[in-house]
Amino acid sequence: MHNKTVSELAAGLRAGDFSSEELTHAMLDRIAALDGKLNSFITMTREPALAAARDADSLLARGEGGPLTGIPYAHKDIYCTRGVRTSCGSRMLDRFIAPYDATVTAKLEAAGAVMLGKTNMDEFAMGSSNETSYYGPVRNPWDQDRVPGGSSGGSAAAVAARLAPFATGTDTGGSIRQPAALCGITGIKPTYGRVSRYGMIAFASSLDQGGPFTRSAEDAALVLGAMAGFDERDSTSVDRPVDDYVAQLGNGLRGMRIGLPREYFGEGINSGVAQVLDAAIEALRQLGAEPVEVSLPNAALAVPAYYVVAPAECSSNLSRYDGVRFGYRCDDPRDLEDLYKRSRGEGFGSEVKRRIMIGTYALSAGYYDAYYLKAQRARRLIADDFRRVLQEVDVIAGPTSPTVAFRLGEKVDDPVTMYLSDIYTIAVNLAGLPGMSIPAGFSEDMPVGMQLIGNYFEEARLLNLAHQYQQVTDWHLRVPPGLE
């Protein structure tokens, strides 16, 4: 059962080929047998999962429920889950039991999905390799000496290893798309405001957005349809009807104009990755799409702008973790100042501290105009570039990551090199656009992802393009060796 897609599992449950309880048992047993080597989960919820599966079976027996009823999934440990530890990959929240559900958690529960457990992640979603977690690094299922990408590396690894049919993630600068690419699966970051951020522990509030990891674009359409929608509790949520993503998967690509930014295919991209992308674009041409060279002249500003804006917002959001109200508290503080300093110093890891310090500096008196304000101006230029290009083409295509998955420890001591891992994804978050990564081939025996970028709220177009591509390729069906 573990090799079936969400769509296939839903059909099997409806047909009575197996029950949700049997499916959930099989997934839990597979996790127990295999995840010791991958470290993709932080917390398992075995008994609640089996109880939810039995409830789903009752619904299905009455002919009720929806397409996700009885389908197990893995939940990124950044989403609050009532009565379950929500750690955000940090010592700071190691003992935090969420008193309420995030909107995404509640929506998936209402859809009948069965949560298997909470997945490992970079601490407070800060990282590109899943090596900053308090619970240790996640390992890539394709090569356990390599990273799975970050920050949602646990979710990506779980789906790639067939430990869960789908998983949730969050994307602040590429944290769904980049691990999806490095693990050879499908991941989509919808338009900013499309999925509620209520109960999603904040890193950078103007950039964070939730989305799913799946094997296929068809599965992504199913899951995103359940996750998306307006939420009055989230001030950044957009009050706009959710498209029927599945219904639009049958549209052909003939006449679709696909923009290829020259800035994405020049210096910096690995030659093997470039060759895979060339073949993928040729496949889209054979399906009737028309590739067109375009330019995003301010693309080079994305990384420096992001690493001012995101740390600034992180500095503000993480100020709440002071050892007083909740979270980690140091032992025997001498006074209030000592409580603050030691609780934060002991509770946060080095990457989180680094970003807090950068952000606090950028927001401080005398530097706000020089750094933060300029970064926001650069952000506007980047968004304007996308707006102009997306008036000329329907979708933008390019690499998700400049390289395949790198080795554990290879970049951990060089933050700038690590930050460049997200060079092709960051601009999408700065502009608030939807983007997704789909498997496009292999280089060095490791997966390569193709990134698709669309106009605001055009997730359906991206999903359809990805689905059409996956009808003529089998990259998304490949399984890591030894995990068949």
# chains A, B, ... in the order shown; residues from 1 in each chain; ligands from 1
call {"tool": "closest_atom_pairs", "arguments": {"of": "stretch 184-220 of chain A", "to": "stretch 305-326 of chain A", "cutoff": "10 Å", "atoms": "only C-alpha atoms", "output": "CSV"}}
result
residue,atom,partner,partner_atom,distance
A:Ile201,CA,A:Asn317,CA,9.1
A:Ala202,CA,A:Asn317,CA,6.4
A:Phe203,CA,A:Cys314,CA,5.1
A:Ala204,CA,A:Glu313,CA,4.9
A:Ser205,CA,A:Glu313,CA,6.7
A:Ser206,CA,A:Glu313,CA,8.0
A:Leu207,CA,A:Ala310,CA,7.6
A:Asp208,CA,A:Ala310,CA,9.6
call {"tool": "write_last_selection", "arguments": {"atoms": "C-alpha atoms", "output": "short mmCIF file (atom, residue, chain, number, x, y, z; two decimals), in the first residue's frame"}}
result
data_model
loop_
_atom_site.label_atom_id
_atom_site.label_comp_id
_atom_site.auth_asym_id
_atom_site.auth_seq_id
_atom_site.Cartn_x
_atom_site.Cartn_y
_atom_site.Cartn_z
CA ILE A 201 4.48 29.22 14.32
CA ALA A 202 5.84 32.38 12.72
CA PHE A 203 9.32 32.88 11.29
CA ALA A 204 8.83 35.78 8.84
CA SER A 205 5.18 36.81 8.76
CA SER A 206 5.17 38.49 5.34
CA LEU A 207 6.83 35.47 3.70
CA ASP A 208 5.58 32.29 5.45
#
call {"tool": "residues_around", "arguments": {"residues": "stretch 446-450 of chain A", "least_positions_apart": "6", "cutoff": "9 Å", "atoms": "only C-alpha atoms", "output": "list in words"}}
result
Trp142, Asp143, Arg177, Gln178, Ala180, Ala181, Leu182, Cys183, Gly184, Ile185, Thr186, Val273, Val276, Leu277, Ala280, Ala397, Gly398, Pro399, Thr400, Ser401, Thr403, Val404, Ala405, Met436, Ser437, Ile438, Pro439, Ala440 and Trp475 of chain A
call {"tool": "residues_around", "arguments": {"residues": "A:Tyr419", "least_positions_apart": "6", "cutoff": "10 Å", "atoms": "only C-alpha atoms", "output": "CSV table (one decimal) with N, CA and C atoms, in the first residue's frame"}}
result
chain,number,residue,atom,x,y,z
A,127,GLY,N,16.7,27.4,7.8
A,127,GLY,CA,17.8,26.6,7.3
A,127,GLY,C,17.4,26.0,5.9
A,128,SER,N,18.4,25.5,5.2
A,128,SER,CA,18.1,25.0,3.8
A,128,SER,C,18.5,23.6,3.7
A,129,SER,N,18.8,22.9,4.9
A,129,SER,CA,19.3,21.6,4.8
A,129,SER,C,18.8,20.6,5.9
A,173,GLY,N,11.2,30.8,2.1
A,173,GLY,CA,12.1,31.2,1.1
A,173,GLY,C,12.5,30.1,0.2
A,303,VAL,N,18.5,37.4,-2.9
A,303,VAL,CA,19.1,36.8,-1.7
A,303,VAL,C,19.5,37.9,-0.7
A,304,PRO,N,20.2,39.0,-1.1
A,304,PRO,CA,20.4,40.1,-0.1
A,304,PRO,C,19.2,40.7,0.5
A,306,TYR,N,16.2,39.3,0.9
A,306,TYR,CA,15.6,38.3,1.7
A,306,TYR,C,16.3,38.2,3.1
A,307,TYR,N,17.6,38.2,3.0
A,307,TYR,CA,18.4,38.1,4.3
A,307,TYR,C,18.5,39.3,5.1
A,411,LYS,N,28.1,22.4,4.1
A,411,LYS,CA,27.9,23.8,4.1
A,411,LYS,C,27.6,24.4,5.4
A,426,ILE,N,13.8,32.1,-3.4
A,426,ILE,CA,13.5,33.2,-2.5
A,426,ILE,C,12.7,34.3,-3.1
call {"tool": "closest_residue", "arguments": {"among": "A:Glu410, A:Asp55, A:Asp474, A:Glu218", "to": "A:Glu109", "atoms": "only C-alpha atoms"}}
result
A:Asp55
call {"tool": "closest_residue", "arguments": {"among": "A:Thr168, A:Arg257, A:Pro434, A:Arg194", "to": "A:Val238", "atoms": "only C-alpha atoms"}}
result
A:Arg194
call {"tool": "select_by_dssp", "arguments": {"residues": "stretch 240-302 of chain A", "states": "alpha helix (DSSP H)", "output": "PyMOL selection string"}}
result
chain A and resi 271-286+302
call {"tool": "select_by_dssp", "arguments": {"residues": "stretch 172-409 of chain A", "states": "strand (DSSP E or B)", "output": "number ranges by chain"}}
result
A: 186-189, 200, 209-214, 257-261, 290-294, 395-399, 407
call {"tool": "write_last_selection", "arguments": {"atoms": "N, CA and C atoms", "output": "PDB file, in the first residue's frame"}}
result
ATOM      1  N   THR A 186       6.860  16.082  -5.338  1.00  0.00           N
ATOM      2  CA  THR A 186       6.134  17.277  -5.753  1.00  0.00           C
ATOM      3  C   THR A 186       5.807  18.127  -4.524  1.00  0.00           C
ATOM      4  N   GLY A 187       6.052  19.435  -4.630  1.00  0.00           N
ATOM      5  CA  GLY A 187       5.722  20.336  -3.530  1.00  0.00           C
ATOM      6  C   GLY A 187       5.245  21.665  -4.065  1.00  0.00           C
ATOM      7  N   ILE A 188       4.201  22.216  -3.484  1.00  0.00           N
ATOM      8  CA  ILE A 188       3.666  23.488  -3.957  1.00  0.00           C
ATOM      9  C   ILE A 188       3.513  24.493  -2.826  1.00  0.00           C
ATOM     10  N   LYS A 189       3.996  25.709  -3.081  1.00  0.00           N
ATOM     11  CA  LYS A 189       3.773  26.865  -2.206  1.00  0.00           C
ATOM     12  C   LYS A 189       2.724  27.736  -2.890  1.00  0.00           C
ATOM     13  N   MET A 200       0.288  28.485  12.707  1.00  0.00           N
ATOM     14  CA  MET A 200       1.574  28.139  12.107  1.00  0.00           C
ATOM     15  C   MET A 200       2.617  29.018  12.808  1.00  0.00           C
ATOM     16  N   GLN A 209       4.275  30.697   4.169  1.00  0.00           N
ATOM     17  CA  GLN A 209       3.057  30.174   3.564  1.00  0.00           C
ATOM     18  C   GLN A 209       3.082  28.650   3.592  1.00  0.00           C
ATOM     19  N   GLY A 210       1.937  28.041   3.925  1.00  0.00           N
ATOM     20  CA  GLY A 210       1.849  26.593   4.025  1.00  0.00           C
ATOM     21  C   GLY A 210       1.471  25.945   2.707  1.00  0.00           C
ATOM     22  N   GLY A 211       1.826  24.668   2.569  1.00  0.00           N
ATOM     23  CA  GLY A 211       1.479  23.914   1.374  1.00  0.00           C
ATOM     24  C   GLY A 211       1.789  22.443   1.564  1.00  0.00           C
ATOM     25  N   PRO A 212       1.453  21.592   0.590  1.00  0.00           N
ATOM     26  CA  PRO A 212       1.652  20.146   0.730  1.00  0.00           C
ATOM     27  C   PRO A 212       2.844  19.585  -0.035  1.00  0.00           C
ATOM     28  N   PHE A 213       3.331  18.436   0.440  1.00  0.00           N
ATOM     29  CA  PHE A 213       4.249  17.555  -0.288  1.00  0.00           C
ATOM     30  C   PHE A 213       3.472  16.318  -0.698  1.00  0.00           C
ATOM     31  N   THR A 214       3.612  15.916  -1.949  1.00  0.00           N
ATOM     32  CA  THR A 214       2.935  14.716  -2.441  1.00  0.00           C
ATOM     33  C   THR A 214       3.837  14.015  -3.450  1.00  0.00           C
ATOM     34  N   ARG A 257       2.475  29.720 -23.056  1.00  0.00           N
ATOM     35  CA  ARG A 257       3.790  30.350 -23.149  1.00  0.00           C
ATOM     36  C   ARG A 257       4.512  30.185 -21.807  1.00  0.00           C
ATOM     37  N   ILE A 258       5.700  29.587 -21.875  1.00  0.00           N
ATOM     38  CA  ILE A 258       6.482  29.320 -20.676  1.00  0.00           C
ATOM     39  C   ILE A 258       7.748  30.160 -20.707  1.00  0.00           C
ATOM     40  N   GLY A 259       7.874  31.063 -19.736  1.00  0.00           N
ATOM     41  CA  GLY A 259       9.027  31.946 -19.680  1.00  0.00           C
ATOM     42  C   GLY A 259      10.229  31.273 -19.043  1.00  0.00           C
ATOM     43  N   LEU A 260      11.384  31.433 -19.678  1.00  0.00           N
ATOM     44  CA  LEU A 260      12.641  30.879 -19.178  1.00  0.00           C
ATOM     45  C   LEU A 260      13.569  32.048 -18.843  1.00  0.00           C
ATOM     46  N   PRO A 261      13.686  32.442 -17.586  1.00  0.00           N
ATOM     47  CA  PRO A 261      14.518  33.599 -17.235  1.00  0.00           C
ATOM     48  C   PRO A 261      15.995  33.331 -17.529  1.00  0.00           C
ATOM     49  N   GLU A 290       5.016  26.651 -25.502  1.00  0.00           N
ATOM     50  CA  GLU A 290       5.982  27.458 -26.255  1.00  0.00           C
ATOM     51  C   GLU A 290       6.968  28.117 -25.282  1.00  0.00           C
ATOM     52  N   PRO A 291       8.194  27.606 -25.195  1.00  0.00           N
ATOM     53  CA  PRO A 291       9.195  28.243 -24.331  1.00  0.00           C
ATOM     54  C   PRO A 291       9.626  29.597 -24.895  1.00  0.00           C
ATOM     55  N   VAL A 292       9.750  30.581 -24.024  1.00  0.00           N
ATOM     56  CA  VAL A 292      10.109  31.944 -24.423  1.00  0.00           C
ATOM     57  C   VAL A 292      11.161  32.458 -23.451  1.00  0.00           C
ATOM     58  N   GLU A 293      12.253  32.996 -23.968  1.00  0.00           N
ATOM     59  CA  GLU A 293      13.265  33.573 -23.077  1.00  0.00           C
ATOM     60  C   GLU A 293      12.763  34.901 -22.533  1.00  0.00           C
ATOM     61  N   VAL A 294      12.899  35.068 -21.224  1.00  0.00           N
ATOM     62  CA  VAL A 294      12.486  36.297 -20.565  1.00  0.00           C
ATOM     63  C   VAL A 294      13.617  36.751 -19.646  1.00  0.00           C
ATOM     64  N   VAL A 395       3.406  30.996 -17.525  1.00  0.00           N
ATOM     65  CA  VAL A 395       4.116  30.368 -16.410  1.00  0.00           C
ATOM     66  C   VAL A 395       5.606  30.609 -16.612  1.00  0.00           C
ATOM     67  N   ILE A 396       6.338  30.704 -15.526  1.00  0.00           N
ATOM     68  CA  ILE A 396       7.798  30.778 -15.569  1.00  0.00           C
ATOM     69  C   ILE A 396       8.348  29.427 -15.120  1.00  0.00           C
ATOM     70  N   ALA A 397       9.359  28.929 -15.817  1.00  0.00           N
ATOM     71  CA  ALA A 397       9.969  27.643 -15.467  1.00  0.00           C
ATOM     72  C   ALA A 397      11.471  27.800 -15.319  1.00  0.00           C
ATOM     73  N   GLY A 398      12.048  26.996 -14.456  1.00  0.00           N
ATOM     74  CA  GLY A 398      13.494  27.029 -14.253  1.00  0.00           C
ATOM     75  C   GLY A 398      13.897  26.021 -13.205  1.00  0.00           C
ATOM     76  N   PRO A 399      15.140  26.072 -12.762  1.00  0.00           N
ATOM     77  CA  PRO A 399      15.595  25.151 -11.718  1.00  0.00           C
ATOM     78  C   PRO A 399      14.996  25.526 -10.376  1.00  0.00           C
ATOM     79  N   ARG A 407      26.186  17.100   0.596  1.00  0.00           N
ATOM     80  CA  ARG A 407      26.472  16.163   1.693  1.00  0.00           C
ATOM     81  C   ARG A 407      26.258  16.818   3.054  1.00  0.00           C
TER      82      ARG A 407
END
call {"tool": "residues_around", "arguments": {"residues": "stretch 462-465 of chain A", "least_positions_apart": "3", "cutoff": "6 Å", "atoms": "only C-alpha atoms", "output": "PyMOL selection string"}}
result
chain A and resi 217+249+459+468
call {"tool": "residues_around", "arguments": {"residues": "A:Thr105", "least_positions_apart": "4", "cutoff": "9 Å", "atoms": "only C-alpha atoms", "output": "PyMOL selection string"}}
result
chain A and resi 75+79-81+101+109-110+115+199+227
call {"tool": "residues_around", "arguments": {"residues": "stretch 44-47 of chain A", "least_positions_apart": "5", "cutoff": "9 Å", "atoms": "only C-alpha atoms", "output": "VMD selection string"}}
result
chain A and resid 24 to 25 28 52 84 115 to 119
call {"tool": "decode", "arguments": {"residues": "stretch 220-268 of chain A", "atoms": "N, CA and C atoms", "output": "short mmCIF file (atom, residue, chain, number, x, y, z; two decimals), in the first residue's frame"}}
result
data_model
loop_
_atom_site.label_atom_id
_atom_site.label_comp_id
_atom_site.auth_asym_id
_atom_site.auth_seq_id
_atom_site.Cartn_x
_atom_site.Cartn_y
_atom_site.Cartn_z
N ALA A 220 -1.31 16.66 -5.14
CA ALA A 220 -1.13 18.02 -4.62
C ALA A 220 -2.41 18.83 -4.79
N ALA A 221 -3.09 18.63 -5.91
CA ALA A 221 -4.36 19.34 -6.14
C ALA A 221 -5.40 18.94 -5.10
N LEU A 222 -5.46 17.65 -4.79
CA LEU A 222 -6.41 17.17 -3.77
C LEU A 222 -6.11 17.77 -2.40
N VAL A 223 -4.85 17.72 -2.00
CA VAL A 223 -4.50 18.15 -0.65
C VAL A 223 -4.57 19.66 -0.51
N LEU A 224 -4.09 20.39 -1.52
CA LEU A 224 -4.15 21.85 -1.43
C LEU A 224 -5.59 22.33 -1.36
N GLY A 225 -6.49 21.65 -2.07
CA GLY A 225 -7.90 22.01 -2.00
C GLY A 225 -8.46 21.91 -0.60
N ALA A 226 -7.94 20.97 0.19
CA ALA A 226 -8.39 20.82 1.58
C ALA A 226 -7.74 21.84 2.50
N MET A 227 -6.50 22.23 2.21
CA MET A 227 -5.76 23.15 3.08
C MET A 227 -6.13 24.61 2.86
N ALA A 228 -6.50 24.97 1.65
CA ALA A 228 -6.68 26.37 1.27
C ALA A 228 -8.03 26.92 1.73
N GLY A 229 -8.10 28.24 1.78
CA GLY A 229 -9.37 28.89 2.10
C GLY A 229 -9.20 30.05 3.06
N PHE A 230 -10.19 30.94 3.04
CA PHE A 230 -10.16 32.13 3.89
C PHE A 230 -10.31 31.77 5.36
N ASP A 231 -9.59 32.49 6.20
CA ASP A 231 -9.67 32.30 7.65
C ASP A 231 -9.71 33.68 8.30
N GLU A 232 -10.82 33.99 8.94
CA GLU A 232 -10.97 35.30 9.56
C GLU A 232 -10.02 35.51 10.74
N ARG A 233 -9.44 34.42 11.26
CA ARG A 233 -8.49 34.55 12.37
C ARG A 233 -7.09 34.93 11.90
N ASP A 234 -6.86 34.92 10.59
CA ASP A 234 -5.56 35.27 10.02
C ASP A 234 -5.71 36.56 9.23
N SER A 235 -5.10 37.63 9.70
CA SER A 235 -5.26 38.93 9.06
C SER A 235 -4.62 39.00 7.68
N THR A 236 -3.77 38.02 7.34
CA THR A 236 -3.15 38.00 6.01
C THR A 236 -3.87 37.04 5.06
N SER A 237 -4.93 36.38 5.53
CA SER A 237 -5.69 35.45 4.70
C SER A 237 -6.54 36.22 3.69
N VAL A 238 -6.61 35.73 2.47
CA VAL A 238 -7.34 36.40 1.40
C VAL A 238 -8.73 35.79 1.24
N ASP A 239 -9.74 36.64 1.27
CA ASP A 239 -11.13 36.19 1.15
C ASP A 239 -11.46 36.03 -0.33
N ARG A 240 -11.17 34.84 -0.84
CA ARG A 240 -11.34 34.53 -2.25
C ARG A 240 -11.68 33.05 -2.36
N PRO A 241 -12.66 32.68 -3.20
CA PRO A 241 -13.04 31.27 -3.33
C PRO A 241 -11.85 30.40 -3.76
N VAL A 242 -11.84 29.17 -3.28
CA VAL A 242 -10.78 28.22 -3.65
C VAL A 242 -11.17 27.52 -4.94
N ASP A 243 -10.28 27.52 -5.90
CA ASP A 243 -10.54 26.84 -7.17
C ASP A 243 -10.68 25.33 -6.97
N ASP A 244 -11.39 24.69 -7.86
CA ASP A 244 -11.43 23.22 -7.90
C ASP A 244 -10.20 22.78 -8.68
N TYR A 245 -9.11 22.57 -7.97
CA TYR A 245 -7.84 22.28 -8.63
C TYR A 245 -7.87 20.97 -9.42
N VAL A 246 -8.56 19.97 -8.89
CA VAL A 246 -8.61 18.66 -9.55
C VAL A 246 -9.36 18.75 -10.87
N ALA A 247 -10.43 19.53 -10.89
CA ALA A 247 -11.26 19.64 -12.10
C ALA A 247 -10.51 20.26 -13.26
N GLN A 248 -9.43 21.00 -12.97
CA GLN A 248 -8.71 21.69 -14.03
C GLN A 248 -7.43 20.96 -14.46
N LEU A 249 -7.30 19.71 -14.06
CA LEU A 249 -6.08 18.96 -14.39
C LEU A 249 -6.08 18.41 -15.81
N GLY A 250 -7.19 18.48 -16.51
CA GLY A 250 -7.24 17.88 -17.85
C GLY A 250 -6.99 18.84 -18.98
N ASN A 251 -6.63 20.07 -18.68
CA ASN A 251 -6.43 21.07 -19.74
C ASN A 251 -5.10 20.84 -20.46
N GLY A 252 -5.13 20.93 -21.79
CA GLY A 252 -3.92 20.76 -22.57
C GLY A 252 -2.98 21.94 -22.45
N LEU A 253 -1.76 21.77 -22.94
CA LEU A 253 -0.75 22.83 -22.84
C LEU A 253 -0.54 23.56 -24.16
N ARG A 254 -1.26 23.18 -25.21
CA ARG A 254 -1.02 23.79 -26.50
C ARG A 254 -1.25 25.30 -26.45
N GLY A 255 -0.23 26.02 -26.88
CA GLY A 255 -0.32 27.48 -26.90
C GLY A 255 0.13 28.14 -25.61
N MET A 256 0.39 27.37 -24.56
CA MET A 256 0.84 27.96 -23.30
C MET A 256 2.27 28.49 -23.47
N ARG A 257 2.47 29.72 -23.06
CA ARG A 257 3.79 30.35 -23.15
C ARG A 257 4.51 30.19 -21.81
N ILE A 258 5.70 29.59 -21.88
CA ILE A 258 6.48 29.32 -20.68
C ILE A 258 7.75 30.16 -20.71
N GLY A 259 7.87 31.06 -19.74
CA GLY A 259 9.03 31.95 -19.68
C GLY A 259 10.23 31.27 -19.04
N LEU A 260 11.38 31.43 -19.68
CA LEU A 260 12.64 30.88 -19.18
C LEU A 260 13.57 32.05 -18.84
N PRO A 261 13.69 32.44 -17.59
CA PRO A 261 14.52 33.60 -17.23
C PRO A 261 15.99 33.33 -17.53
N ARG A 262 16.61 34.20 -18.31
CA ARG A 262 18.02 33.98 -18.64
C ARG A 262 18.89 34.02 -17.39
N GLU A 263 18.44 34.73 -16.36
CA GLU A 263 19.21 34.81 -15.12
C GLU A 263 19.24 33.47 -14.38
N TYR A 264 18.30 32.56 -14.68
CA TYR A 264 18.24 31.27 -14.00
C TYR A 264 19.04 30.18 -14.70
N PHE A 265 19.49 30.45 -15.91
CA PHE A 265 20.16 29.41 -16.69
C PHE A 265 21.60 29.78 -17.03
N GLY A 266 22.14 30.79 -16.35
CA GLY A 266 23.51 31.22 -16.63
C GLY A 266 24.47 30.70 -15.59
N GLU A 267 25.39 31.56 -15.17
CA GLU A 267 26.39 31.19 -14.19
C GLU A 267 25.74 30.83 -12.86
N GLY A 268 26.23 29.77 -12.25
CA GLY A 268 25.72 29.38 -10.93
C GLY A 268 24.98 28.07 -10.92
#
